[in-house]
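Text of protein.csv (CSV, C-alpha atoms and all ligand atoms) as supplied:
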```csv
chain,number,residue,atom,x,y,z
P,108,MET,CA,-107.2,11.4,-81.0
P,109,ASN,CA,-109.6,13.6,-82.7
P,110,GLN,CA,-112.5,14.3,-80.4
P,111,THR,CA,-114.4,16.7,-82.6
P,112,ALA,CA,-117.8,15.8,-83.8
P,113,GLY,CA,-118.3,14.8,-87.4
P,114,ASN,CA,-116.8,11.9,-89.1
P,115,PRO,CA,-115.8,9.3,-86.6
P,116,ALA,CA,-113.0,7.9,-88.8
P,117,ALA,CA,-111.1,11.2,-88.6
P,118,THR,CA,-108.4,10.1,-86.3
P,119,THR,CA,-104.7,11.0,-85.9
P,120,ALA,CA,-101.8,8.7,-85.7
P,121,PRO,CA,-100.3,7.7,-82.4
P,122,GLU,CA,-97.0,9.7,-82.0
P,123,THR,CA,-95.0,6.5,-82.0
P,124,SER,CA,-95.5,5.8,-85.7
P,125,ALA,CA,-93.3,7.5,-88.2
P,126,PRO,CA,-95.0,8.9,-91.3
P,127,GLU,CA,-93.3,6.4,-93.6
P,128,THR,CA,-94.6,3.5,-91.6
P,129,PRO,CA,-97.2,1.7,-93.6
P,130,ALA,CA,-100.7,1.4,-92.0
P,131,ILE,CA,-100.3,-2.4,-92.2
P,132,ALA,CA,-97.2,-4.4,-92.9
P,133,ILE,CA,-97.6,-8.1,-93.6
P,134,ARG,CA,-94.5,-10.4,-94.0
P,135,ASP,CA,-94.4,-14.1,-94.9
P,136,LEU,CA,-97.8,-14.7,-93.5
P,137,VAL,CA,-98.7,-18.4,-93.3
P,138,LYS,CA,-101.9,-20.0,-92.1
P,139,ARG,CA,-102.6,-23.7,-91.9
P,140,TYR,CA,-105.9,-24.6,-90.4
P,141,ALA,CA,-106.1,-27.5,-88.1
P,142,PRO,CA,-106.9,-30.8,-89.9
P,143,ALA,CA,-110.5,-31.8,-89.8
P,144,GLY,CA,-109.7,-35.3,-88.5
P,145,PRO,CA,-106.8,-37.7,-87.8
P,146,GLY,CA,-104.7,-38.4,-90.9
P,147,ALA,CA,-106.2,-35.3,-92.7
P,148,GLU,CA,-104.0,-32.4,-93.8
P,149,GLY,CA,-105.0,-29.0,-92.5
P,150,LYS,CA,-105.9,-26.5,-95.2
P,151,LEU,CA,-103.0,-24.2,-96.1
P,152,ALA,CA,-105.0,-21.0,-96.6
P,153,LEU,CA,-102.1,-18.5,-96.7
P,154,LYS,CA,-98.8,-19.6,-98.2
P,155,GLY,CA,-96.4,-16.8,-97.2
P,156,VAL,CA,-98.1,-13.5,-98.1
P,157,SER,CA,-96.2,-10.2,-97.9
P,158,PHE,CA,-97.4,-6.7,-98.6
P,159,ASP,CA,-97.9,-3.2,-97.2
P,160,VAL,CA,-101.1,-1.2,-96.9
P,161,PRO,CA,-100.0,2.4,-97.4
P,162,GLU,CA,-101.4,5.0,-94.9
P,163,GLY,CA,-104.3,7.1,-96.1
P,164,LYS,CA,-105.2,4.9,-99.1
P,165,ILE,CA,-108.2,2.7,-100.0
P,166,PHE,CA,-106.6,-0.6,-100.5
P,167,GLY,CA,-108.4,-3.5,-102.3
P,168,LEU,CA,-107.7,-7.1,-101.5
P,169,LEU,CA,-109.2,-9.1,-104.4
P,170,GLY,CA,-109.5,-12.7,-105.0
P,171,PRO,CA,-112.0,-15.5,-105.8
P,172,ASN,CA,-113.9,-17.4,-103.2
P,173,GLY,CA,-111.6,-19.4,-101.0
P,174,ALA,CA,-108.5,-17.4,-101.9
P,175,GLY,CA,-107.7,-16.6,-98.3
P,176,LYS,CA,-109.1,-13.0,-97.9
P,177,SER,CA,-111.1,-13.6,-94.8
P,178,THR,CA,-108.4,-15.7,-93.3
P,179,LEU,CA,-106.0,-12.7,-93.7
P,180,ILE,CA,-108.6,-10.2,-92.3
P,181,ASN,CA,-109.4,-12.5,-89.4
P,182,ILE,CA,-105.7,-12.7,-88.5
P,183,LEU,CA,-105.6,-8.9,-88.5
P,184,ALA,CA,-108.7,-8.9,-86.2
P,185,GLY,CA,-107.1,-11.4,-83.8
P,186,MET,CA,-109.9,-13.9,-84.5
P,187,VAL,CA,-107.7,-16.4,-86.3
P,188,MET,CA,-104.2,-17.4,-85.1
P,189,LYS,CA,-101.5,-17.2,-87.8
P,190,THR,CA,-99.2,-20.2,-88.2
P,191,SER,CA,-96.1,-18.0,-88.9
P,192,GLY,CA,-95.0,-14.6,-90.3
P,193,THR,CA,-95.4,-11.1,-88.9
P,194,VAL,CA,-98.1,-8.5,-89.0
P,195,ASP,CA,-97.7,-4.9,-87.9
P,196,ILE,CA,-100.7,-2.7,-87.6
P,197,TRP,CA,-100.0,1.0,-87.4
P,198,GLY,CA,-96.4,0.1,-86.4
P,199,PHE,CA,-97.5,-2.3,-83.7
P,200,ASP,CA,-96.6,-6.0,-83.9
P,201,ILE,CA,-99.8,-8.1,-83.4
P,202,ASP,CA,-97.9,-10.5,-81.2
P,203,LYS,CA,-95.6,-8.2,-79.2
P,204,ASP,CA,-98.0,-5.3,-78.9
P,205,GLN,CA,-101.4,-6.8,-79.3
P,206,ARG,CA,-103.2,-4.2,-77.3
P,207,ASN,CA,-102.0,-1.2,-79.4
P,208,ALA,CA,-102.4,-3.2,-82.6
P,209,LYS,CA,-106.0,-4.0,-81.8
P,210,ARG,CA,-106.8,-0.4,-80.9
P,211,ALA,CA,-105.4,0.8,-84.3
P,212,ILE,CA,-107.8,-1.2,-86.3
P,213,GLY,CA,-111.6,-1.6,-86.8
P,214,ILE,CA,-112.9,-4.6,-88.6
P,215,VAL,CA,-116.2,-5.2,-90.3
P,216,PRO,CA,-116.5,-9.0,-90.6
P,217,GLN,CA,-118.0,-10.7,-93.6
P,218,GLU,CA,-120.7,-12.4,-91.5
P,219,ILE,CA,-123.4,-10.2,-89.9
P,220,VAL,CA,-123.9,-11.2,-86.3
P,221,PHE,CA,-125.8,-9.2,-83.7
P,222,ASP,CA,-127.8,-9.9,-80.6
P,223,PRO,CA,-131.3,-9.2,-82.0
P,224,PHE,CA,-132.5,-7.7,-78.8
P,225,PHE,CA,-130.2,-4.7,-78.6
P,226,THR,CA,-130.9,-1.4,-80.3
P,227,PRO,CA,-128.2,0.2,-82.6
P,228,PHE,CA,-127.5,2.7,-79.8
P,229,GLU,CA,-127.0,0.0,-77.3
P,230,VAL,CA,-124.8,-2.0,-79.6
P,231,LEU,CA,-122.5,0.9,-79.9
P,232,GLU,CA,-122.6,1.7,-76.2
P,233,ILE,CA,-121.7,-1.9,-75.3
P,234,GLN,CA,-118.8,-1.9,-77.8
P,235,GLY,CA,-117.6,1.4,-76.3
P,236,GLY,CA,-117.7,-0.2,-72.9
P,237,LEU,CA,-115.6,-3.2,-74.2
P,238,TYR,CA,-112.9,-0.7,-75.3
P,239,GLY,CA,-113.0,1.0,-71.9
P,240,ILE,CA,-114.3,4.2,-73.3
P,241,THR,CA,-116.1,6.2,-70.6
P,242,LYS,CA,-119.7,7.1,-71.1
P,243,ALA,CA,-118.9,10.8,-71.5
P,244,LEU,CA,-116.4,10.1,-74.3
P,245,ARG,CA,-118.6,7.7,-76.3
P,246,ARG,CA,-119.8,9.0,-79.6
P,247,SER,CA,-122.6,6.6,-80.3
P,248,GLU,CA,-125.0,9.3,-81.6
P,249,ASP,CA,-122.3,10.8,-83.9
P,250,LEU,CA,-121.5,7.3,-85.3
P,251,LEU,CA,-125.2,6.6,-85.9
P,252,ARG,CA,-125.5,9.8,-87.9
P,253,ALA,CA,-122.3,9.1,-89.8
P,254,VAL,CA,-123.7,5.8,-91.1
P,255,HIS,CA,-127.2,7.3,-91.6
P,256,LEU,CA,-128.9,5.3,-88.9
P,257,ALA,CA,-129.8,8.2,-86.5
P,258,ASP,CA,-133.5,7.5,-87.0
P,259,LYS,CA,-133.0,3.8,-86.0
P,260,ARG,CA,-131.3,4.6,-82.7
P,261,ASP,CA,-133.8,2.7,-80.6
P,262,ALA,CA,-135.0,0.0,-83.0
P,263,TYR,CA,-134.3,-3.6,-82.3
P,264,ALA,CA,-131.4,-4.9,-84.4
P,265,ARG,CA,-133.6,-7.7,-85.6
P,266,THR,CA,-135.9,-5.2,-87.3
P,267,LEU,CA,-133.1,-3.6,-89.4
P,268,SER,CA,-132.7,-4.5,-93.1
P,269,GLY,CA,-129.5,-6.2,-94.2
P,270,GLY,CA,-128.0,-3.0,-95.4
P,271,MET,CA,-128.8,-1.2,-92.1
P,272,LYS,CA,-127.1,-4.0,-90.2
P,273,ARG,CA,-124.0,-3.7,-92.3
P,274,ARG,CA,-123.9,0.0,-91.7
P,275,LEU,CA,-124.3,-0.6,-88.0
P,276,LEU,CA,-121.4,-3.0,-88.1
P,277,ILE,CA,-119.3,-0.2,-89.7
P,278,ALA,CA,-120.3,2.1,-86.9
P,279,LYS,CA,-119.4,-0.6,-84.4
P,280,ALA,CA,-116.0,-1.0,-86.0
P,281,LEU,CA,-115.4,2.8,-85.6
P,282,VAL,CA,-116.3,3.1,-81.9
P,283,HIS,CA,-112.7,3.2,-80.7
P,284,GLN,CA,-111.7,5.6,-83.5
P,285,PRO,CA,-109.2,3.4,-85.3
P,286,PRO,CA,-107.0,5.0,-88.0
P,287,VAL,CA,-107.4,1.8,-90.0
P,288,LEU,CA,-110.8,0.4,-91.1
P,289,VAL,CA,-111.1,-3.0,-92.7
P,290,LEU,CA,-114.2,-4.2,-94.4
P,291,ASP,CA,-114.5,-7.9,-95.5
P,292,GLU,CA,-116.8,-8.1,-98.5
P,293,PRO,CA,-118.9,-5.1,-97.5
P,294,THR,CA,-121.1,-5.2,-100.5
P,295,ALA,CA,-121.5,-8.9,-101.1
P,296,GLY,CA,-125.2,-9.6,-101.6
P,297,VAL,CA,-126.4,-6.1,-101.2
P,298,ASP,CA,-128.4,-4.2,-103.8
P,299,VAL,CA,-127.1,-1.6,-106.2
P,300,GLU,CA,-128.5,1.3,-104.2
P,301,LEU,CA,-127.0,0.2,-100.9
P,302,ARG,CA,-123.7,-0.6,-102.6
P,303,ARG,CA,-123.6,3.0,-103.8
P,304,GLN,CA,-124.3,4.2,-100.3
P,305,LEU,CA,-121.5,2.1,-98.8
P,306,TRP,CA,-119.1,3.3,-101.5
P,307,GLU,CA,-119.9,6.9,-100.6
P,308,LEU,CA,-119.5,6.2,-96.9
P,309,VAL,CA,-116.1,4.5,-97.4
P,310,THR,CA,-114.9,7.4,-99.7
P,311,GLU,CA,-116.0,9.9,-97.1
P,312,MET,CA,-114.2,8.2,-94.3
P,313,ASN,CA,-111.1,7.9,-96.4
P,314,LYS,CA,-111.2,11.7,-97.2
P,315,GLU,CA,-111.4,12.3,-93.4
P,316,GLY,CA,-108.1,10.5,-93.1
P,317,ALA,CA,-108.9,6.8,-92.5
P,318,THR,CA,-106.9,4.1,-94.2
P,319,ILE,CA,-109.3,1.6,-95.7
P,320,VAL,CA,-108.8,-2.0,-96.6
P,321,LEU,CA,-111.6,-3.8,-98.3
P,322,THR,CA,-111.9,-7.2,-99.7
P,323,THR,CA,-114.2,-7.8,-102.7
P,324,HIS,CA,-114.7,-10.0,-105.6
P,325,TYR,CA,-116.4,-7.3,-107.6
P,326,LEU,CA,-113.7,-5.9,-110.0
P,327,GLU,CA,-115.8,-2.9,-110.8
P,328,GLU,CA,-116.0,-2.0,-107.1
P,329,ALA,CA,-112.2,-2.3,-106.7
P,330,GLU,CA,-111.6,-0.3,-109.8
P,331,GLU,CA,-113.8,2.5,-108.8
P,332,LEU,CA,-112.9,2.8,-105.1
P,333,CYS,CA,-109.3,1.6,-104.6
P,334,ASP,CA,-106.1,3.4,-105.0
P,335,ARG,CA,-104.2,0.2,-104.9
P,336,ILE,CA,-105.2,-3.4,-105.6
P,337,ALA,CA,-103.6,-6.6,-104.4
P,338,ILE,CA,-104.8,-9.9,-105.8
P,339,ILE,CA,-104.7,-13.1,-103.8
P,340,ASN,CA,-105.4,-16.6,-105.2
P,341,HIS,CA,-105.0,-20.0,-103.5
P,342,GLY,CA,-103.3,-18.3,-100.6
P,343,GLU,CA,-100.7,-16.5,-102.7
P,344,LEU,CA,-100.3,-12.9,-103.6
P,345,ILE,CA,-100.2,-12.7,-107.4
P,346,ALA,CA,-100.4,-8.9,-107.9
P,347,ASN,CA,-100.0,-5.7,-105.9
P,348,LYS,CA,-100.2,-2.5,-108.0
P,349,PRO,CA,-101.7,0.9,-108.1
P,350,THR,CA,-105.2,0.5,-109.6
P,351,ARG,CA,-104.2,2.7,-112.6
P,352,GLU,CA,-101.4,0.3,-113.5
P,353,LEU,CA,-103.5,-2.8,-113.1
P,354,VAL,CA,-106.2,-1.4,-115.3
P,355,GLY,CA,-103.3,-0.4,-117.7
P,356,MET,CA,-102.6,-4.0,-118.1
P,357,ALA,CA,-106.0,-4.1,-119.6
P,358,ARG,CA,-105.1,-1.7,-122.4
P,359,GLU,CA,-104.3,-4.6,-124.6
P,360,LYS,CA,-106.5,-5.6,-127.5
P,361,ILE,CA,-106.4,-8.8,-129.4
P,362,LEU,CA,-106.8,-9.5,-133.1
P,363,LEU,CA,-107.5,-13.1,-134.3
P,364,LEU,CA,-106.6,-13.4,-137.9
P,365,THR,CA,-107.5,-16.3,-140.1
P,366,LEU,CA,-105.2,-16.7,-143.1
P,367,ASP,CA,-105.9,-18.4,-146.4
P,368,ARG,CA,-103.3,-21.0,-145.7
P,369,GLU,CA,-101.4,-22.7,-142.9
P,370,VAL,CA,-99.2,-20.4,-140.8
P,371,THR,CA,-95.5,-21.1,-141.4
P,372,ALA,CA,-94.0,-17.7,-140.5
P,373,LEU,CA,-95.3,-14.9,-138.3
P,374,PRO,CA,-95.5,-11.2,-139.2
P,375,THR,CA,-93.6,-8.6,-137.2
P,376,HIS,CA,-94.5,-5.0,-136.3
P,377,PRO,CA,-93.3,-2.6,-133.6
P,378,GLY,CA,-96.9,-2.2,-132.5
P,379,PHE,CA,-97.2,-5.9,-131.6
P,380,VAL,CA,-97.1,-6.8,-127.9
P,381,LYS,CA,-97.3,-10.4,-128.8
P,382,CYS,CA,-97.9,-12.5,-131.9
P,383,GLU,CA,-98.5,-16.2,-131.9
P,384,LYS,CA,-99.9,-19.0,-133.9
P,385,THR,CA,-103.0,-20.3,-132.1
P,386,GLY,CA,-104.4,-22.6,-134.9
P,387,ASP,CA,-103.3,-24.1,-138.2
P,388,ARG,CA,-104.4,-20.9,-140.1
P,389,ILE,CA,-104.9,-18.6,-137.1
P,390,ILE,CA,-102.6,-15.9,-135.8
P,391,GLN,CA,-103.3,-14.1,-132.5
P,392,ILE,CA,-101.9,-10.6,-132.3
P,393,THR,CA,-102.0,-8.6,-129.0
P,394,TYR,CA,-101.4,-4.9,-129.3
P,395,ASP,CA,-101.6,-1.9,-127.1
P,396,LYS,CA,-104.7,0.2,-128.1
P,397,ASP,CA,-102.9,3.4,-127.0
P,398,HIS,CA,-100.1,2.8,-129.4
P,399,SER,CA,-101.6,1.2,-132.4
P,400,ASN,CA,-104.9,0.3,-134.0
P,401,ALA,CA,-106.5,-2.5,-135.9
P,402,GLY,CA,-106.2,-0.8,-139.3
P,403,GLU,CA,-102.4,-0.3,-138.8
P,404,ILE,CA,-101.9,-3.9,-137.6
P,405,LEU,CA,-103.9,-5.3,-140.5
P,406,SER,CA,-102.1,-3.3,-143.2
P,407,ALA,CA,-98.7,-4.3,-141.7
P,408,VAL,CA,-99.7,-8.0,-141.8
P,409,GLN,CA,-101.0,-7.7,-145.4
P,410,ALA,CA,-97.9,-5.8,-146.5
P,411,GLN,CA,-95.8,-8.7,-145.4
P,412,GLY,CA,-97.6,-11.0,-147.8
P,413,PHE,CA,-100.2,-12.6,-145.5
P,414,ALA,CA,-103.7,-13.1,-147.0
P,415,ILE,CA,-106.3,-12.5,-144.3
P,416,VAL,CA,-109.7,-14.2,-144.8
P,417,ASP,CA,-111.3,-13.4,-141.4
P,418,VAL,CA,-110.8,-11.0,-138.5
P,419,THR,CA,-112.1,-11.2,-134.9
P,420,THR,CA,-111.3,-8.7,-132.2
P,421,LYS,CA,-111.2,-9.2,-128.5
P,422,GLU,CA,-111.0,-6.4,-125.8
P,423,ALA,CA,-109.3,-7.1,-122.5
P,424,ASP,CA,-110.6,-5.5,-119.3
P,425,LEU,CA,-109.8,-5.7,-115.6
P,426,GLU,CA,-111.7,-9.0,-115.6
P,427,ASP,CA,-109.4,-10.5,-118.2
P,428,VAL,CA,-106.3,-9.3,-116.2
P,429,PHE,CA,-107.9,-10.9,-113.2
P,430,VAL,CA,-108.6,-14.1,-114.9
P,431,SER,CA,-105.2,-14.4,-116.6
P,432,LEU,CA,-103.5,-13.6,-113.3
P,433,THR,CA,-105.6,-16.0,-111.2
P,434,SER,CA,-105.4,-18.8,-113.8
P,435,LYS,CA,-101.6,-18.7,-113.8
P,436,VAL,CA,-101.4,-20.2,-110.3
P,437,ALA,CA,-102.8,-23.7,-110.5
P,438,GLY,CA,-104.7,-24.8,-107.5
W,501,LIG,P1,-112.0,-16.0,-98.9
W,501,LIG,O1,-112.4,-15.1,-97.8
W,501,LIG,O2,-111.0,-15.5,-99.9
W,501,LIG,O3,-113.2,-16.6,-99.7
W,501,LIG,P2,-111.2,-17.8,-96.8
W,501,LIG,O4,-110.1,-17.2,-96.1
W,501,LIG,O5,-112.5,-17.8,-96.1
W,501,LIG,O6,-111.3,-17.3,-98.3
W,501,LIG,O7,-110.8,-19.4,-97.0
W,501,LIG,C1,-109.6,-19.7,-97.5
W,501,LIG,C2,-109.5,-21.3,-97.4
W,501,LIG,O8,-109.4,-21.7,-96.1
W,501,LIG,C3,-110.7,-22.0,-98.0
W,501,LIG,O9,-110.2,-23.2,-98.7
W,501,LIG,C4,-111.5,-22.3,-96.8
W,501,LIG,O10,-112.3,-23.5,-97.0
W,501,LIG,C5,-110.4,-22.6,-95.8
W,501,LIG,N1,-110.9,-22.2,-94.4
W,501,LIG,C6,-111.5,-21.0,-94.0
W,501,LIG,N2,-111.8,-21.1,-92.7
W,501,LIG,C7,-111.5,-22.3,-92.3
W,501,LIG,C8,-111.5,-23.0,-91.0
W,501,LIG,N3,-112.0,-22.3,-89.9
W,501,LIG,N4,-111.1,-24.2,-90.9
W,501,LIG,C9,-110.6,-24.9,-92.0
W,501,LIG,N5,-110.5,-24.3,-93.2
W,501,LIG,C10,-110.9,-23.1,-93.4
W,502,MG,MG,-114.2,-14.3,-97.3
```
Starting from the file, give its structure as structure tokens.
Amino acid sequence: MNQTAGNPAATTAPETSAPETPAIAIRDLVKRYAPAGPGAEGKLALKGVSFDVPEGKIFGLLGPNGAGKSTLINILAGMVMKTSGTVDIWGFDIDKDQRNAKRAIGIVPQEIVFDPFFTPFEVLEIQGGLYGITKALRRSEDLLRAVHLADKRDAYARTLSGGMKRRLLIAKALVHQPPVLVLDEPTAGVDVELRRQLWELVTEMNKEGATIVLTTHYLEEAEELCDRIAIINHGELIANKPTRELVGMAREKILLLTLDREVTALPTHPGFVKCEKTGDRIIQITYDKDHSNAGEILSAVQAQGFAIVDVTTKEADLEDVFVSLTSKVAG
């Protein structure tokens, strides 16, 4: 363990884990919540999810409300019992080696809960005590500095703003110096300024060596922060790619062409990614904006004898990728 002052997330791997071992390995994870009453079926929140979180990365878990993100995070945290499947954290199976798995991860839950009568310093000291860290080895002051709360050391938790509380929760999750930090919707409902601060904090901790997992439903946030993005919807994993690749899926542009007569044949061109009839007189052409352009596409279509009377363009972005991916899996 790194005991030097400075960023608390700068920890080293326990010797037992090989460098190739992912920070988190999830296989066939299923969660069915207990039914609300007799005769009712329990909610199937995770339907067999498998993925790895690579070490040293910022990993984004995206999905709409109710997708199963918190369920997954709470299973990692040991707060929700999985129905089946396996989870390894830092090479430790959460069933067979619960203690080591727990020590390897720090979780910032979605809900903010604090005893309002403790000060930030006390919150961290108590957490240190829970992890059996002796007073001399606790780093509460360092942690408060790291999350920019040093000046709130002795304030009652109830007097802190929402943003300060969230930062205190991050410090609390770092008390035992876990190599993996998980943040569940860290910026939901926080203002732009605080969101910036949290992004910086997360980036800093990652530079110091921490593997970060964050859930969000802000695409912009995932796009800016994450090296890799997995998308979960209705309890199923529907994408898991490096951010660059996922954004690359948004390189496509769409041209809607209205012709002077009913569409009976479709034009062809090497620049088309897709070409389809979407109305009596309408052709929808998808093309890659890196490899073609609207002028080229229009000339090609006209050269093939099609008379165009109207043109509309549509630009895809990560939002569109997200929507098209999430709408594929019917609920
Ligand atoms: P997300 O964090 O992606 O918004 P959740 O994991 O919180 O999604 O919820 C996934 C699904 O499981 C939702 O349909 C939710 O209503 C349900 N759910 C979450 N917690 C419980 C619970 N304790 N008991 C029963 N159903 C739950
Ligand atoms: Mg949630």
Check your understanding: Got a sec to check which residues lie within 9 Å of ligand LIG 501 (chain W), using only C-alpha atoms and all ligand atoms, and send them as a PyMOL selection string?
Key -> chain P and resi 138-143+149-153+169-181+187+217+291-292+322-324+339-342
Between P:Thr294, P:Arg252, P:Ile133, P:Leu237, smallest distance to ligand MG 502 (chain W) by all atoms listed in the file belongs to P:Thr294
To one decimal place, how far is CA of Asp427 (chain P) from CA of Glu359 (chain P) in Å?
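About the pair CA of Asp427 (chain P) and CA of Glu359 (chain P): they are 10.1 Å apart.
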Judged by only C-alpha atoms, the minimum distance to Ala329 (chain P) among P:Ile233, P:Ile165, P:Val428, P:Gly146 is found for P:Ile165
Of P:Phe158, P:Phe166, P:Tyr238, P:Phe225, the one sitting nearest Leu321 (chain P) when using all atoms listed in the file is P:Phe166
One residue among P:Val282, P:Ala132, P:Leu366, P:Leu290 is nearest to ligand MG 502 (chain W) when using only C-alpha atoms and all ligand atoms, and that residue is P:Leu290
Practice problem: Would you list the residues near (-107.0, 8.8, -94.8), meaning any protein, DNA or RNA residue with an atom at most 10 Å from that point in file coordinates, counting only C-alpha atoms, as a PyMOL selection string? | Solution: chain P and resi 116-119+161-165+286-288+310-319
Enter the distance from CA of Tyr263 (chain P) to CA of Pro227 (chain P), in Å, rounded to one decimal.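 Taking CA of Tyr263 (chain P) and CA of Pro227 (chain P), their separation equals 7.2 Å.
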At a cut-off of 12 Å, using all atoms listed in the file, what residues contact Met356 (chain P)? Leave out same-chain residues fewer than 5 positions from it and give the result as a tab-separated table (two decimals) with C-alpha atoms, in the frame of the given file.
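The file below, part.tsv, is the result:
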```tsv
chain	number	residue	atom	x	y	z
P	346	ALA	CA	-100.40	-8.90	-107.90
P	348	LYS	CA	-100.20	-2.50	-108.00
P	349	PRO	CA	-101.70	0.90	-108.10
P	350	THR	CA	-105.20	0.50	-109.60
P	351	ARG	CA	-104.20	2.70	-112.60
P	380	VAL	CA	-97.10	-6.80	-127.90
P	393	THR	CA	-102.00	-8.60	-129.00
P	394	TYR	CA	-101.40	-4.90	-129.30
P	395	ASP	CA	-101.60	-1.90	-127.10
P	396	LYS	CA	-104.70	0.20	-128.10
P	397	ASP	CA	-102.90	3.40	-127.00
P	422	GLU	CA	-111.00	-6.40	-125.80
P	423	ALA	CA	-109.30	-7.10	-122.50
P	424	ASP	CA	-110.60	-5.50	-119.30
P	425	LEU	CA	-109.80	-5.70	-115.60
P	426	GLU	CA	-111.70	-9.00	-115.60
P	427	ASP	CA	-109.40	-10.50	-118.20
P	428	VAL	CA	-106.30	-9.30	-116.20
P	429	PHE	CA	-107.90	-10.90	-113.20
P	431	SER	CA	-105.20	-14.40	-116.60
P	432	LEU	CA	-103.50	-13.60	-113.30
```
Considering only C-alpha atoms, return as a tab-separated table (two decimals) with C-alpha atoms, in the frame of the given file whatever protein or nucleic-acid residues lie within 10 Å of region 190-199 of chain P, sequence-local ones (same chain, fewer than 3 positions apart) excluded.
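Contents of the output file around_5.tsv:
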```
chain	number	residue	atom	x	y	z
P	120	ALA	CA	-101.80	8.70	-85.70
P	121	PRO	CA	-100.30	7.70	-82.40
P	123	THR	CA	-95.00	6.50	-82.00
P	124	SER	CA	-95.50	5.80	-85.70
P	125	ALA	CA	-93.30	7.50	-88.20
P	128	THR	CA	-94.60	3.50	-91.60
P	129	PRO	CA	-97.20	1.70	-93.60
P	130	ALA	CA	-100.70	1.40	-92.00
P	131	ILE	CA	-100.30	-2.40	-92.20
P	132	ALA	CA	-97.20	-4.40	-92.90
P	133	ILE	CA	-97.60	-8.10	-93.60
P	134	ARG	CA	-94.50	-10.40	-94.00
P	135	ASP	CA	-94.40	-14.10	-94.90
P	136	LEU	CA	-97.80	-14.70	-93.50
P	137	VAL	CA	-98.70	-18.40	-93.30
P	138	LYS	CA	-101.90	-20.00	-92.10
P	139	ARG	CA	-102.60	-23.70	-91.90
P	140	TYR	CA	-105.90	-24.60	-90.40
P	151	LEU	CA	-103.00	-24.20	-96.10
P	153	LEU	CA	-102.10	-18.50	-96.70
P	154	LYS	CA	-98.80	-19.60	-98.20
P	155	GLY	CA	-96.40	-16.80	-97.20
P	156	VAL	CA	-98.10	-13.50	-98.10
P	157	SER	CA	-96.20	-10.20	-97.90
P	158	PHE	CA	-97.40	-6.70	-98.60
P	159	ASP	CA	-97.90	-3.20	-97.20
P	160	VAL	CA	-101.10	-1.20	-96.90
P	162	GLU	CA	-101.40	5.00	-94.90
P	182	ILE	CA	-105.70	-12.70	-88.50
P	183	LEU	CA	-105.60	-8.90	-88.50
P	187	VAL	CA	-107.70	-16.40	-86.30
P	202	ASP	CA	-97.90	-10.50	-81.20
P	203	LYS	CA	-95.60	-8.20	-79.20
P	204	ASP	CA	-98.00	-5.30	-78.90
P	205	GLN	CA	-101.40	-6.80	-79.30
P	206	ARG	CA	-103.20	-4.20	-77.30
P	207	ASN	CA	-102.00	-1.20	-79.40
P	208	ALA	CA	-102.40	-3.20	-82.60
P	209	LYS	CA	-106.00	-4.00	-81.80
P	210	ARG	CA	-106.80	-0.40	-80.90
P	211	ALA	CA	-105.40	0.80	-84.30
P	212	ILE	CA	-107.80	-1.20	-86.30
P	285	PRO	CA	-109.20	3.40	-85.30
P	286	PRO	CA	-107.00	5.00	-88.00
P	287	VAL	CA	-107.40	1.80	-90.00
```
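Each of P:Val309, P:Val416, P:Ile336, P:Val215 was checked against ligand MG 502 (chain W) using only C-alpha atoms and all ligand atoms; the smallest atom-to-atom distance is that of P:Val215.
With distances restricted to only C-alpha atoms and all ligand atoms, P:Ala295 is the closest residue to ligand MG 502 (chain W) from P:Ala401, P:Ala295, P:Val320, P:Cys382.
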Margin query: Show me, as a PyMOL selection string, the residues that have an atom within 9 Å of Lys421 (chain P) when counting all atoms listed in the file, minus same-chain residues fewer than 3 positions from it.
Written below: chain P and resi 360-363
Will you give me region 346-351 of chain P, written with N, CA, C and O atoms and laid out as a PDB file, in the first residue's frame?
```pdb
ATOM      1  N   ALA P 346     -23.829  -2.885 -25.146  1.00  0.00           N
ATOM      2  CA  ALA P 346     -22.619  -2.400 -25.811  1.00  0.00           C
ATOM      3  C   ALA P 346     -21.504  -2.368 -24.785  1.00  0.00           C
ATOM      4  O   ALA P 346     -21.756  -2.231 -23.590  1.00  0.00           O
ATOM      5  N   ASN P 347     -20.274  -2.518 -25.258  1.00  0.00           N
ATOM      6  CA  ASN P 347     -19.110  -2.447 -24.375  1.00  0.00           C
ATOM      7  C   ASN P 347     -17.912  -2.196 -25.267  1.00  0.00           C
ATOM      8  O   ASN P 347     -17.374  -3.113 -25.868  1.00  0.00           O
ATOM      9  N   LYS P 348     -17.546  -0.926 -25.401  1.00  0.00           N
ATOM     10  CA  LYS P 348     -16.521  -0.552 -26.377  1.00  0.00           C
ATOM     11  C   LYS P 348     -15.677   0.600 -25.861  1.00  0.00           C
ATOM     12  O   LYS P 348     -16.133   1.372 -25.031  1.00  0.00           O
ATOM     13  N   PRO P 349     -14.451   0.717 -26.412  1.00  0.00           N
ATOM     14  CA  PRO P 349     -13.703   1.935 -26.128  1.00  0.00           C
ATOM     15  C   PRO P 349     -14.529   3.143 -26.563  1.00  0.00           C
ATOM     16  O   PRO P 349     -15.224   3.073 -27.586  1.00  0.00           O
ATOM     17  N   THR P 350     -14.472   4.221 -25.791  1.00  0.00           N
ATOM     18  CA  THR P 350     -15.300   5.395 -26.076  1.00  0.00           C
ATOM     19  C   THR P 350     -15.126   5.873 -27.517  1.00  0.00           C
ATOM     20  O   THR P 350     -16.096   6.208 -28.184  1.00  0.00           O
ATOM     21  N   ARG P 351     -13.893   5.856 -27.985  1.00  0.00           N
ATOM     22  CA  ARG P 351     -13.600   6.312 -29.351  1.00  0.00           C
ATOM     23  C   ARG P 351     -14.429   5.536 -30.376  1.00  0.00           C
ATOM     24  O   ARG P 351     -14.974   6.113 -31.298  1.00  0.00           O
TER      25      ARG P 351
END
```
